[in-house]
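Enquirer: My file is coords.pdb. It has PDB, C-alpha atoms:
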ATOM      1  CA  LEU A   1       6.699  16.792  -7.229
ATOM      2  CA  GLY A   2       4.953  17.999 -10.339
ATOM      3  CA  ASP A   3       1.490  16.929 -11.330
ATOM      4  CA  ALA A   4       1.855  13.167 -10.985
ATOM      5  CA  ASN A   5      -1.945  13.042 -10.717
ATOM      6  CA  LEU A   6      -1.966  12.890 -14.521
ATOM      7  CA  TYR A   7      -0.360   9.454 -14.524
ATOM      8  CA  ALA A   8      -0.417   7.923 -11.036
ATOM      9  CA  THR A   9      -4.106   7.000 -11.080
ATOM     10  CA  ARG A  10      -4.905   6.371 -14.747
ATOM     11  CA  GLY A  11      -4.474   3.647 -17.347
ATOM     12  CA  ASN A  12      -2.260   0.784 -16.213
ATOM     13  CA  PHE A  13      -1.544   2.733 -13.001
ATOM     14  CA  ARG A  14      -5.164   3.074 -11.872
ATOM     15  CA  PRO A  15      -5.976   1.666  -8.411
ATOM     16  CA  ILE A  16      -7.083  -1.953  -8.062
ATOM     17  CA  GLU A  17     -10.657  -1.605  -6.833
ATOM     18  CA  SER A  18     -11.201  -5.117  -5.501
ATOM     19  CA  GLU A  19      -9.160  -8.107  -4.440
ATOM     20  CA  THR A  20      -8.883 -10.768  -7.125
ATOM     21  CA  HIS A  21      -8.377 -14.531  -7.060
ATOM     22  CA  SER A  22      -8.432 -16.437 -10.319
ATOM     23  CA  VAL A  23      -6.807 -19.279 -12.209
ATOM     24  CA  VAL A  24      -5.519 -18.762 -15.732
ATOM     25  CA  GLU A  25      -5.014 -21.669 -18.138
ATOM     26  CA  LEU A  26      -1.611 -21.635 -19.867
ATOM     27  CA  ASP A  27       0.053 -23.410 -22.758
ATOM     28  CA  ALA A  28       2.419 -25.611 -20.723
ATOM     29  CA  ALA A  29       4.841 -25.863 -23.648
ATOM     30  CA  LYS A  30       5.447 -22.096 -23.457
ATOM     31  CA  VAL A  31       6.076 -21.932 -19.690
ATOM     32  CA  PRO A  32       9.824 -22.218 -18.993
ATOM     33  CA  ALA A  33      10.796 -25.095 -16.694
ATOM     34  CA  ALA A  34      12.375 -22.639 -14.225
ATOM     35  CA  LEU A  35       8.953 -21.033 -13.598
ATOM     36  CA  ARG A  36       6.969 -24.244 -13.088
ATOM     37  CA  GLY A  37       5.892 -24.686  -9.476
ATOM     38  CA  GLY A  38       7.264 -21.215  -8.717
ATOM     39  CA  LEU A  39       5.770 -18.230  -6.934
ATOM     40  CA  PHE A  40       6.200 -14.548  -7.774
ATOM     41  CA  VAL A  41       5.003 -11.923  -5.278
ATOM     42  CA  ARG A  42       5.285  -8.161  -5.229
ATOM     43  CA  ALA A  43       3.904  -5.164  -3.378
ATOM     44  CA  GLY A  44       2.978  -1.871  -4.919
ATOM     45  CA  PRO A  45       0.894   1.200  -4.177
ATOM     46  CA  SER A  46      -2.860   1.066  -4.737
ATOM     47  CA  PRO A  47      -5.145   3.353  -2.706
ATOM     48  CA  GLY A  48      -7.378   1.451  -0.284
ATOM     49  CA  LEU A  49      -9.561   4.578  -0.058
ATOM     50  CA  PRO A  50     -10.322   7.239  -2.682
ATOM     51  CA  LEU A  51      -7.425   9.701  -2.975
ATOM     52  CA  ARG A  52      -8.085  13.315  -2.113
ATOM     53  CA  GLY A  53      -6.554  16.078  -4.191
ATOM     54  CA  ALA A  54      -3.178  15.650  -5.840
ATOM     55  CA  SER A  55      -1.514  12.264  -5.809
ATOM     56  CA  HIS A  56       1.975  10.888  -6.271
ATOM     57  CA  TRP A  57       3.231   7.569  -7.637
ATOM     58  CA  PHE A  58       3.987   6.299  -4.106
ATOM     59  CA  ASP A  59       0.800   7.486  -2.352
ATOM     60  CA  GLY A  60      -1.173   4.261  -2.447
ATOM     61  CA  ASP A  61      -1.620   1.770   0.362
ATOM     62  CA  GLY A  62       0.106  -1.589  -0.003
ATOM     63  CA  LEU A  63      -1.329  -4.078  -2.476
ATOM     64  CA  ALA A  64       0.226  -7.545  -2.664
ATOM     65  CA  ALA A  65       0.076  -9.366  -5.981
ATOM     66  CA  GLY A  66       0.948 -13.013  -6.417
ATOM     67  CA  LEU A  67       1.354 -15.439  -9.289
ATOM     68  CA  ARG A  68       1.845 -19.180  -8.611
ATOM     69  CA  PHE A  69       2.590 -21.487 -11.534
ATOM     70  CA  ALA A  70       1.325 -25.071 -11.477
ATOM     71  CA  ALA A  71       4.092 -27.672 -11.317
ATOM     72  CA  ASP A  72       3.223 -28.883 -14.821
ATOM     73  CA  GLY A  73       2.952 -25.337 -16.238
ATOM     74  CA  SER A  74      -0.669 -25.796 -17.319
ATOM     75  CA  SER A  75      -2.078 -22.970 -15.191
ATOM     76  CA  ALA A  76      -1.272 -20.098 -12.871
ATOM     77  CA  ALA A  77      -3.172 -18.784  -9.871
ATOM     78  CA  VAL A  78      -3.315 -14.992  -9.796
ATOM     79  CA  CYS A  79      -4.351 -12.962  -6.761
ATOM     80  CA  THR A  80      -4.234  -9.461  -5.338
ATOM     81  CA  HIS A  81      -4.725  -8.562  -1.694
ATOM     82  CA  GLN A  82      -4.955  -5.148   0.012
ATOM     83  CA  ILE A  83      -2.437  -5.115   2.874
ATOM     84  CA  LYS A  84      -4.229  -4.229   6.104
ATOM     85  CA  ALA A  85      -1.559  -1.967   7.623
ATOM     86  CA  CYS A  86      -2.472   0.220  10.614
ATOM     87  CA  ARG A  87      -2.659   3.400   8.524
ATOM     88  CA  LEU A  88      -5.303   1.966   6.217
ATOM     89  CA  ALA A  89      -7.268   0.459   9.124
ATOM     90  CA  ASP A  90      -7.187   3.775  11.016
ATOM     91  CA  GLU A  91      -8.331   5.740   7.974
ATOM     92  CA  ARG A  92     -11.148   3.305   7.194
ATOM     93  CA  ARG A  93     -12.314   3.568  10.803
ATOM     94  CA  GLU A  94     -12.242   7.403  10.625
ATOM     95  CA  GLY A  95     -14.017   7.473   7.242
ATOM     96  CA  GLY A  96     -11.245   8.777   4.994
ATOM     97  CA  GLN A  97      -7.617   9.687   4.534
ATOM     98  CA  PHE A  98      -6.005  11.880   7.167
ATOM     99  CA  VAL A  99      -2.342  10.845   7.107
ATOM    100  CA  PRO A 100      -0.469  13.183   4.717
ATOM    101  CA  ARG A 101       0.612  11.640   1.403
ATOM    102  CA  LEU A 102       3.426  12.847  -0.871
ATOM    103  CA  GLY A 103       0.833  14.404  -3.186
ATOM    104  CA  ASP A 104      -0.428  16.500  -0.266
ATOM    105  CA  LEU A 105       2.971  17.986   0.518
ATOM    106  CA  GLN A 106       2.990  20.820  -1.998
ATOM    107  CA  GLY A 107       3.111  24.527  -1.210
ATOM    108  CA  LEU A 108       1.595  26.215   1.842
ATOM    109  CA  LEU A 109      -1.158  23.601   2.180
ATOM    110  CA  GLY A 110       1.540  20.913   2.382
ATOM    111  CA  LEU A 111       3.119  22.742   5.316
ATOM    112  CA  VAL A 112      -0.297  22.907   7.021
ATOM    113  CA  PHE A 113      -0.727  19.112   6.552
ATOM    114  CA  ILE A 114       2.657  18.480   8.197
ATOM    115  CA  VAL A 115       1.873  20.721  11.198
ATOM    116  CA  VAL A 116      -1.623  19.251  11.696
ATOM    117  CA  ASP A 117      -0.259  15.695  11.524
ATOM    118  CA  ALA A 118       2.459  16.535  14.055
ATOM    119  CA  LEU A 119      -0.119  18.063  16.432
ATOM    120  CA  ARG A 120      -2.377  15.016  15.997
ATOM    121  CA  GLY A 121       0.546  12.769  16.941
ATOM    122  CA  VAL A 122       1.307  14.844  20.059
ATOM    123  CA  ALA A 123      -2.367  14.744  21.118
ATOM    124  CA  ASP A 124      -2.368  10.956  20.640
ATOM    125  CA  ARG A 125       0.749  10.512  22.795
ATOM    126  CA  LEU A 126      -0.744  12.713  25.524
ATOM    127  CA  GLY A 127      -3.923  10.638  25.514
ATOM    128  CA  LEU A 128      -6.083  13.581  24.406
ATOM    129  CA  THR A 129      -7.255  11.795  21.267
ATOM    130  CA  ARG A 130      -7.040   8.296  19.883
ATOM    131  CA  VAL A 131      -7.002   8.647  16.106
ATOM    132  CA  TYR A 132      -4.018   6.393  15.462
ATOM    133  CA  SER A 133      -4.181   2.776  16.612
ATOM    134  CA  SER A 134      -0.488   3.034  17.548
ATOM    135  CA  PRO A 135       1.367   6.078  18.886
ATOM    136  CA  ASN A 136       4.519   4.893  17.090
ATOM    137  CA  ARG A 137       5.002   6.610  13.701
ATOM    138  CA  LEU A 138       6.654   3.448  12.348
ATOM    139  CA  ALA A 139       3.289   1.685  12.632
ATOM    140  CA  ARG A 140       1.760   4.154  10.147
ATOM    141  CA  GLY A 141       3.558   2.884   7.060
ATOM    142  CA  SER A 142       1.808   1.935   3.854
ATOM    143  CA  ALA A 143       3.617  -1.396   3.237
ATOM    144  CA  ASN A 144       3.644  -0.639  -0.497
ATOM    145  CA  THR A 145       7.264  -1.122  -1.548
ATOM    146  CA  ALA A 146       8.517  -4.698  -1.395
ATOM    147  CA  MET A 147       7.842  -8.235  -0.159
ATOM    148  CA  LEU A 148      10.203 -10.397   1.883
ATOM    149  CA  PHE A 149      10.047 -13.984   3.146
ATOM    150  CA  HIS A 150      11.433 -14.121   6.700
ATOM    151  CA  ARG A 151      11.160 -17.018   9.177
ATOM    152  CA  GLY A 152       8.277 -18.596   7.292
ATOM    153  CA  GLN A 153       6.280 -15.371   6.930
ATOM    154  CA  LEU A 154       5.685 -13.175   3.902
ATOM    155  CA  LEU A 155       6.122  -9.540   4.960
ATOM    156  CA  ALA A 156       5.152  -6.360   3.105
ATOM    157  CA  LEU A 157       7.667  -3.534   3.530
ATOM    158  CA  VAL A 158       8.046   0.214   3.201
ATOM    159  CA  GLU A 159      11.184   2.153   4.058
ATOM    160  CA  SER A 160       9.425   4.461   6.520
ATOM    161  CA  GLY A 161       7.636   1.894   8.687
ATOM    162  CA  TRP A 162       7.351  -1.537  10.202
ATOM    163  CA  PRO A 163       6.783  -4.616   8.026
ATOM    164  CA  TRP A 164       3.219  -6.026   7.799
TER     165      TRP A 164
END
When written as structure tokens, how does the structure in this file appear?

Expert:
Amino acid sequence: LGDANLYATRGNFRPIESETHSVVELDAAKVPAALRGGLFVRAGPSPGLPLRGASHWFDGDGLAAGLRFAADGSSAAVCTHQIKACRLADERREGGQFVPRLGDLQGLLGLVFIVVDALRGVADRLGLTRVYSSPNRLARGSANTAMLFHRGQLLALVESGWPW
């Protein structure tokens, strides 16, 4: 994986530290007609908790970003929102990250993370512990890859888990 820590958390790629909601005034003459009244949304990784150790481009929790242009093109509403997927909620409740990230999966320590996570999942399913809010691994996704409108809902997606 290399040392993505050099880039994945710095400059334009640094985590968004708080949710934002603002309105930006625009020069309506410069806003193309096709954008007026339109909405652009995207999801991307932004850690909801401080990262531990090495990190990778895809390690962050889901962050939704939206941009809605006024119908006359005179302004745009801009907002960001941390997606409250089960993994993030579980880790906030436990006081820090415990689900392995891509940045964790390097060398012998990475193998240890995989084994510990597998044992934690078995203990959860047996009712010995209750760390995860859901015993289903698909509920532990980060929802940091894409957004999709489906049946009147806006869903955040990741390939390895359920939509949120």

Enquirer: If I take CA of Glu91 in chain A and CA of Cys79 in chain A, how far is one from the other in Å, to one decimal?

Expert: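 Separation between CA of Glu91 in chain A and CA of Cys79 in chain A: 24.1 Å.
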
Enquirer: Pick the closest to Leu67 in chain A from A:Leu155, A:Val41, A:Ala28, A:Ala146: which is it, counting all atoms listed in the file?

Expert: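 Selected residue with least distance to Leu67 in chain A: A:Val41.
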
Enquirer: Point out the residue among A:Ser22, A:Ser142, A:Asn12, A:Gln153 with the least atom-to-atom distance to Ser75 in chain A, counting only C-alpha atoms.

Expert: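 Of all the options, A:Ser22 lies closest to Ser75 in chain A.
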
Enquirer: Can you turn the PyMOL selection byres ((chain A and resi 88) around 12) into a concrete residue list for this file, as a compact mmCIF listing (two decimals) with C-alpha atoms, in the frame of the given file?

Expert:
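Once everything was written out, this is part22.txt:
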# COMPACT_ATOMS: atom_id res chain seq x y z
CA SER A 46 -2.86 1.07 -4.74
CA PRO A 47 -5.14 3.35 -2.71
CA GLY A 48 -7.38 1.45 -0.28
CA LEU A 49 -9.56 4.58 -0.06
CA PRO A 50 -10.32 7.24 -2.68
CA ASP A 59 0.80 7.49 -2.35
CA GLY A 60 -1.17 4.26 -2.45
CA ASP A 61 -1.62 1.77 0.36
CA GLY A 62 0.11 -1.59 0.00
CA LEU A 63 -1.33 -4.08 -2.48
CA GLN A 82 -4.96 -5.15 0.01
CA ILE A 83 -2.44 -5.12 2.87
CA LYS A 84 -4.23 -4.23 6.10
CA ALA A 85 -1.56 -1.97 7.62
CA CYS A 86 -2.47 0.22 10.61
CA ARG A 87 -2.66 3.40 8.52
CA ALA A 89 -7.27 0.46 9.12
CA ASP A 90 -7.19 3.78 11.02
CA GLU A 91 -8.33 5.74 7.97
CA ARG A 92 -11.15 3.30 7.19
CA ARG A 93 -12.31 3.57 10.80
CA GLU A 94 -12.24 7.40 10.62
CA GLY A 95 -14.02 7.47 7.24
CA GLY A 96 -11.24 8.78 4.99
CA GLN A 97 -7.62 9.69 4.53
CA PHE A 98 -6.00 11.88 7.17
CA VAL A 99 -2.34 10.84 7.11
CA TYR A 132 -4.02 6.39 15.46
CA SER A 133 -4.18 2.78 16.61
CA ALA A 139 3.29 1.68 12.63
CA ARG A 140 1.76 4.15 10.15
CA GLY A 141 3.56 2.88 7.06
CA SER A 142 1.81 1.94 3.85
CA ALA A 143 3.62 -1.40 3.24
CA ASN A 144 3.64 -0.64 -0.50
CA TRP A 164 3.22 -6.03 7.80

Enquirer: What is the distance between CA of Leu111 in chain A and CA of Asp124 in chain A, in Å to one decimal?

Expert: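 Spanning CA of Leu111 in chain A to CA of Asp124 in chain A is a straight-line distance of 20.1 Å.
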
Enquirer: Can you measure CA of Glu17 in chain A to CA of Ser55 in chain A for me? One decimal in Å is fine.

Expert: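 Between these atoms lies a distance of 16.6 Å.
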
Enquirer: Can you list what the PyMOL selection byres ((chain A and resi 64) around 6) grabs from this structure, as a list in words?

Expert: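 After applying the PyMOL selection byres ((chain A and resi 64) around 6), what remains is Arg42, Ala43, Leu63, Ala65, Thr80 and His81 of chain A.
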
Enquirer: Could the residues in this selection be written to a file with C-alpha atoms, as a compact mmCIF listing (two decimals), keeping the file's coordinate frame?

Expert:
# COMPACT_ATOMS: atom_id res chain seq x y z
CA ARG A 42 5.28 -8.16 -5.23
CA ALA A 43 3.90 -5.16 -3.38
CA LEU A 63 -1.33 -4.08 -2.48
CA ALA A 65 0.08 -9.37 -5.98
CA THR A 80 -4.23 -9.46 -5.34
CA HIS A 81 -4.72 -8.56 -1.69

Enquirer: For the structure shown, which residues end up in the PyMOL selection byres ((chain A and resi 26) around 12)? Put them as a ChimeraX atom specification, please?

Expert: /A:23-25,27-32,36,69-77

Enquirer: Set the distance at 12 Å and use only C-alpha atoms: which residues neighbour Ile114 in chain A once local chain neighbours fewer than 3 positions away are removed? I'd like the list as a list in words.

Expert: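 That gives Phe98, Val99, Pro100, Arg101, Leu102, Asp104, Leu105, Gln106, Gly107, Leu108, Leu109, Gly110, Leu111, Asp117, Ala118, Leu119, Arg120 and Gly121 of chain A.
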
Enquirer: Just checking: using only C-alpha atoms, which residue out of A:Ala54, A:His21, A:Thr145, A:Val122 ends up closest to Trp162 in chain A?

Expert: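 Result for the nearest residue to Trp162 in chain A: A:Thr145.
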
Enquirer: I need the residue nearest Met147 in chain A from this list: A:Arg68, A:Phe58, A:Phe40, A:Gly11. Use all atoms listed in the file for the distance.

Expert: A:Phe40

Enquirer: Provide range 43-73 of chain A of the preceding structure as a file containing N, CA and C atoms, as a compact mmCIF listing (two decimals), in the first residue's frame.

Expert:
# COMPACT_ATOMS: atom_id res chain seq x y z
N ALA A 43 -20.14 11.42 -2.21
CA ALA A 43 -19.63 10.88 -0.96
C ALA A 43 -18.14 10.64 -1.13
N GLY A 44 -17.43 10.82 -0.06
CA GLY A 44 -16.00 10.56 -0.08
C GLY A 44 -15.52 10.25 1.32
N PRO A 45 -14.30 9.76 1.45
CA PRO A 45 -13.78 9.41 2.76
C PRO A 45 -13.30 10.63 3.54
N SER A 46 -13.71 10.72 4.79
CA SER A 46 -13.22 11.72 5.72
C SER A 46 -13.38 11.14 7.12
N PRO A 47 -12.28 10.90 7.83
CA PRO A 47 -12.37 10.24 9.13
C PRO A 47 -13.30 10.96 10.10
N GLY A 48 -14.24 10.22 10.68
CA GLY A 48 -15.13 10.76 11.71
C GLY A 48 -14.46 10.78 13.07
N LEU A 49 -13.37 10.03 13.20
CA LEU A 49 -12.55 9.98 14.42
C LEU A 49 -11.10 10.12 13.99
N PRO A 50 -10.22 10.55 14.89
CA PRO A 50 -8.80 10.65 14.52
C PRO A 50 -8.26 9.29 14.06
N LEU A 51 -7.51 9.29 12.96
CA LEU A 51 -6.92 8.06 12.45
C LEU A 51 -5.78 7.63 13.37
N ARG A 52 -5.60 6.33 13.47
CA ARG A 52 -4.47 5.82 14.25
C ARG A 52 -3.45 5.25 13.27
N GLY A 53 -2.21 5.52 13.47
CA GLY A 53 -1.16 4.93 12.64
C GLY A 53 -1.25 5.32 11.18
N ALA A 54 -0.85 4.37 10.32
CA ALA A 54 -0.84 4.60 8.88
C ALA A 54 -2.26 4.75 8.37
N SER A 55 -2.40 5.47 7.27
CA SER A 55 -3.72 5.61 6.68
C SER A 55 -3.63 5.40 5.17
N HIS A 56 -4.77 5.18 4.57
CA HIS A 56 -4.87 4.95 3.14
C HIS A 56 -5.93 5.90 2.59
N TRP A 57 -5.90 6.15 1.30
CA TRP A 57 -6.84 7.07 0.67
C TRP A 57 -8.29 6.74 1.01
N PHE A 58 -8.63 5.45 1.13
CA PHE A 58 -10.01 5.02 1.31
C PHE A 58 -10.40 4.77 2.75
N ASP A 59 -9.57 5.13 3.72
CA ASP A 59 -9.81 4.77 5.12
C ASP A 59 -10.87 5.61 5.82
N GLY A 60 -11.23 6.73 5.32
CA GLY A 60 -12.16 7.59 6.03
C GLY A 60 -13.59 7.09 6.05
N ASP A 61 -14.34 7.57 7.03
CA ASP A 61 -15.78 7.30 7.10
C ASP A 61 -16.46 8.15 6.04
N GLY A 62 -17.70 7.82 5.72
CA GLY A 62 -18.41 8.53 4.67
C GLY A 62 -18.72 9.98 5.02
N LEU A 63 -18.46 10.86 4.09
CA LEU A 63 -18.82 12.28 4.22
C LEU A 63 -19.58 12.67 2.95
N ALA A 64 -20.82 13.09 3.13
CA ALA A 64 -21.63 13.54 1.99
C ALA A 64 -21.40 15.03 1.79
N ALA A 65 -21.26 15.42 0.55
CA ALA A 65 -21.12 16.84 0.21
C ALA A 65 -22.18 17.17 -0.83
N GLY A 66 -22.81 18.31 -0.66
CA GLY A 66 -23.87 18.71 -1.59
C GLY A 66 -23.74 20.15 -2.02
N LEU A 67 -24.17 20.43 -3.22
CA LEU A 67 -24.16 21.77 -3.79
C LEU A 67 -25.46 21.94 -4.55
N ARG A 68 -26.32 22.87 -4.11
CA ARG A 68 -27.60 23.13 -4.78
C ARG A 68 -27.60 24.56 -5.30
N PHE A 69 -27.76 24.68 -6.63
CA PHE A 69 -27.79 25.99 -7.26
C PHE A 69 -29.20 26.57 -7.20
N ALA A 70 -29.29 27.86 -6.94
CA ALA A 70 -30.59 28.55 -6.98
C ALA A 70 -31.10 28.52 -8.42
N ALA A 71 -32.41 28.56 -8.57
CA ALA A 71 -33.02 28.50 -9.90
C ALA A 71 -32.58 29.65 -10.79
N ASP A 72 -32.28 30.81 -10.18
CA ASP A 72 -31.84 31.95 -11.00
C ASP A 72 -30.32 32.04 -11.12
N GLY A 73 -29.59 31.11 -10.48
CA GLY A 73 -28.14 31.09 -10.58
C GLY A 73 -27.42 32.10 -9.71
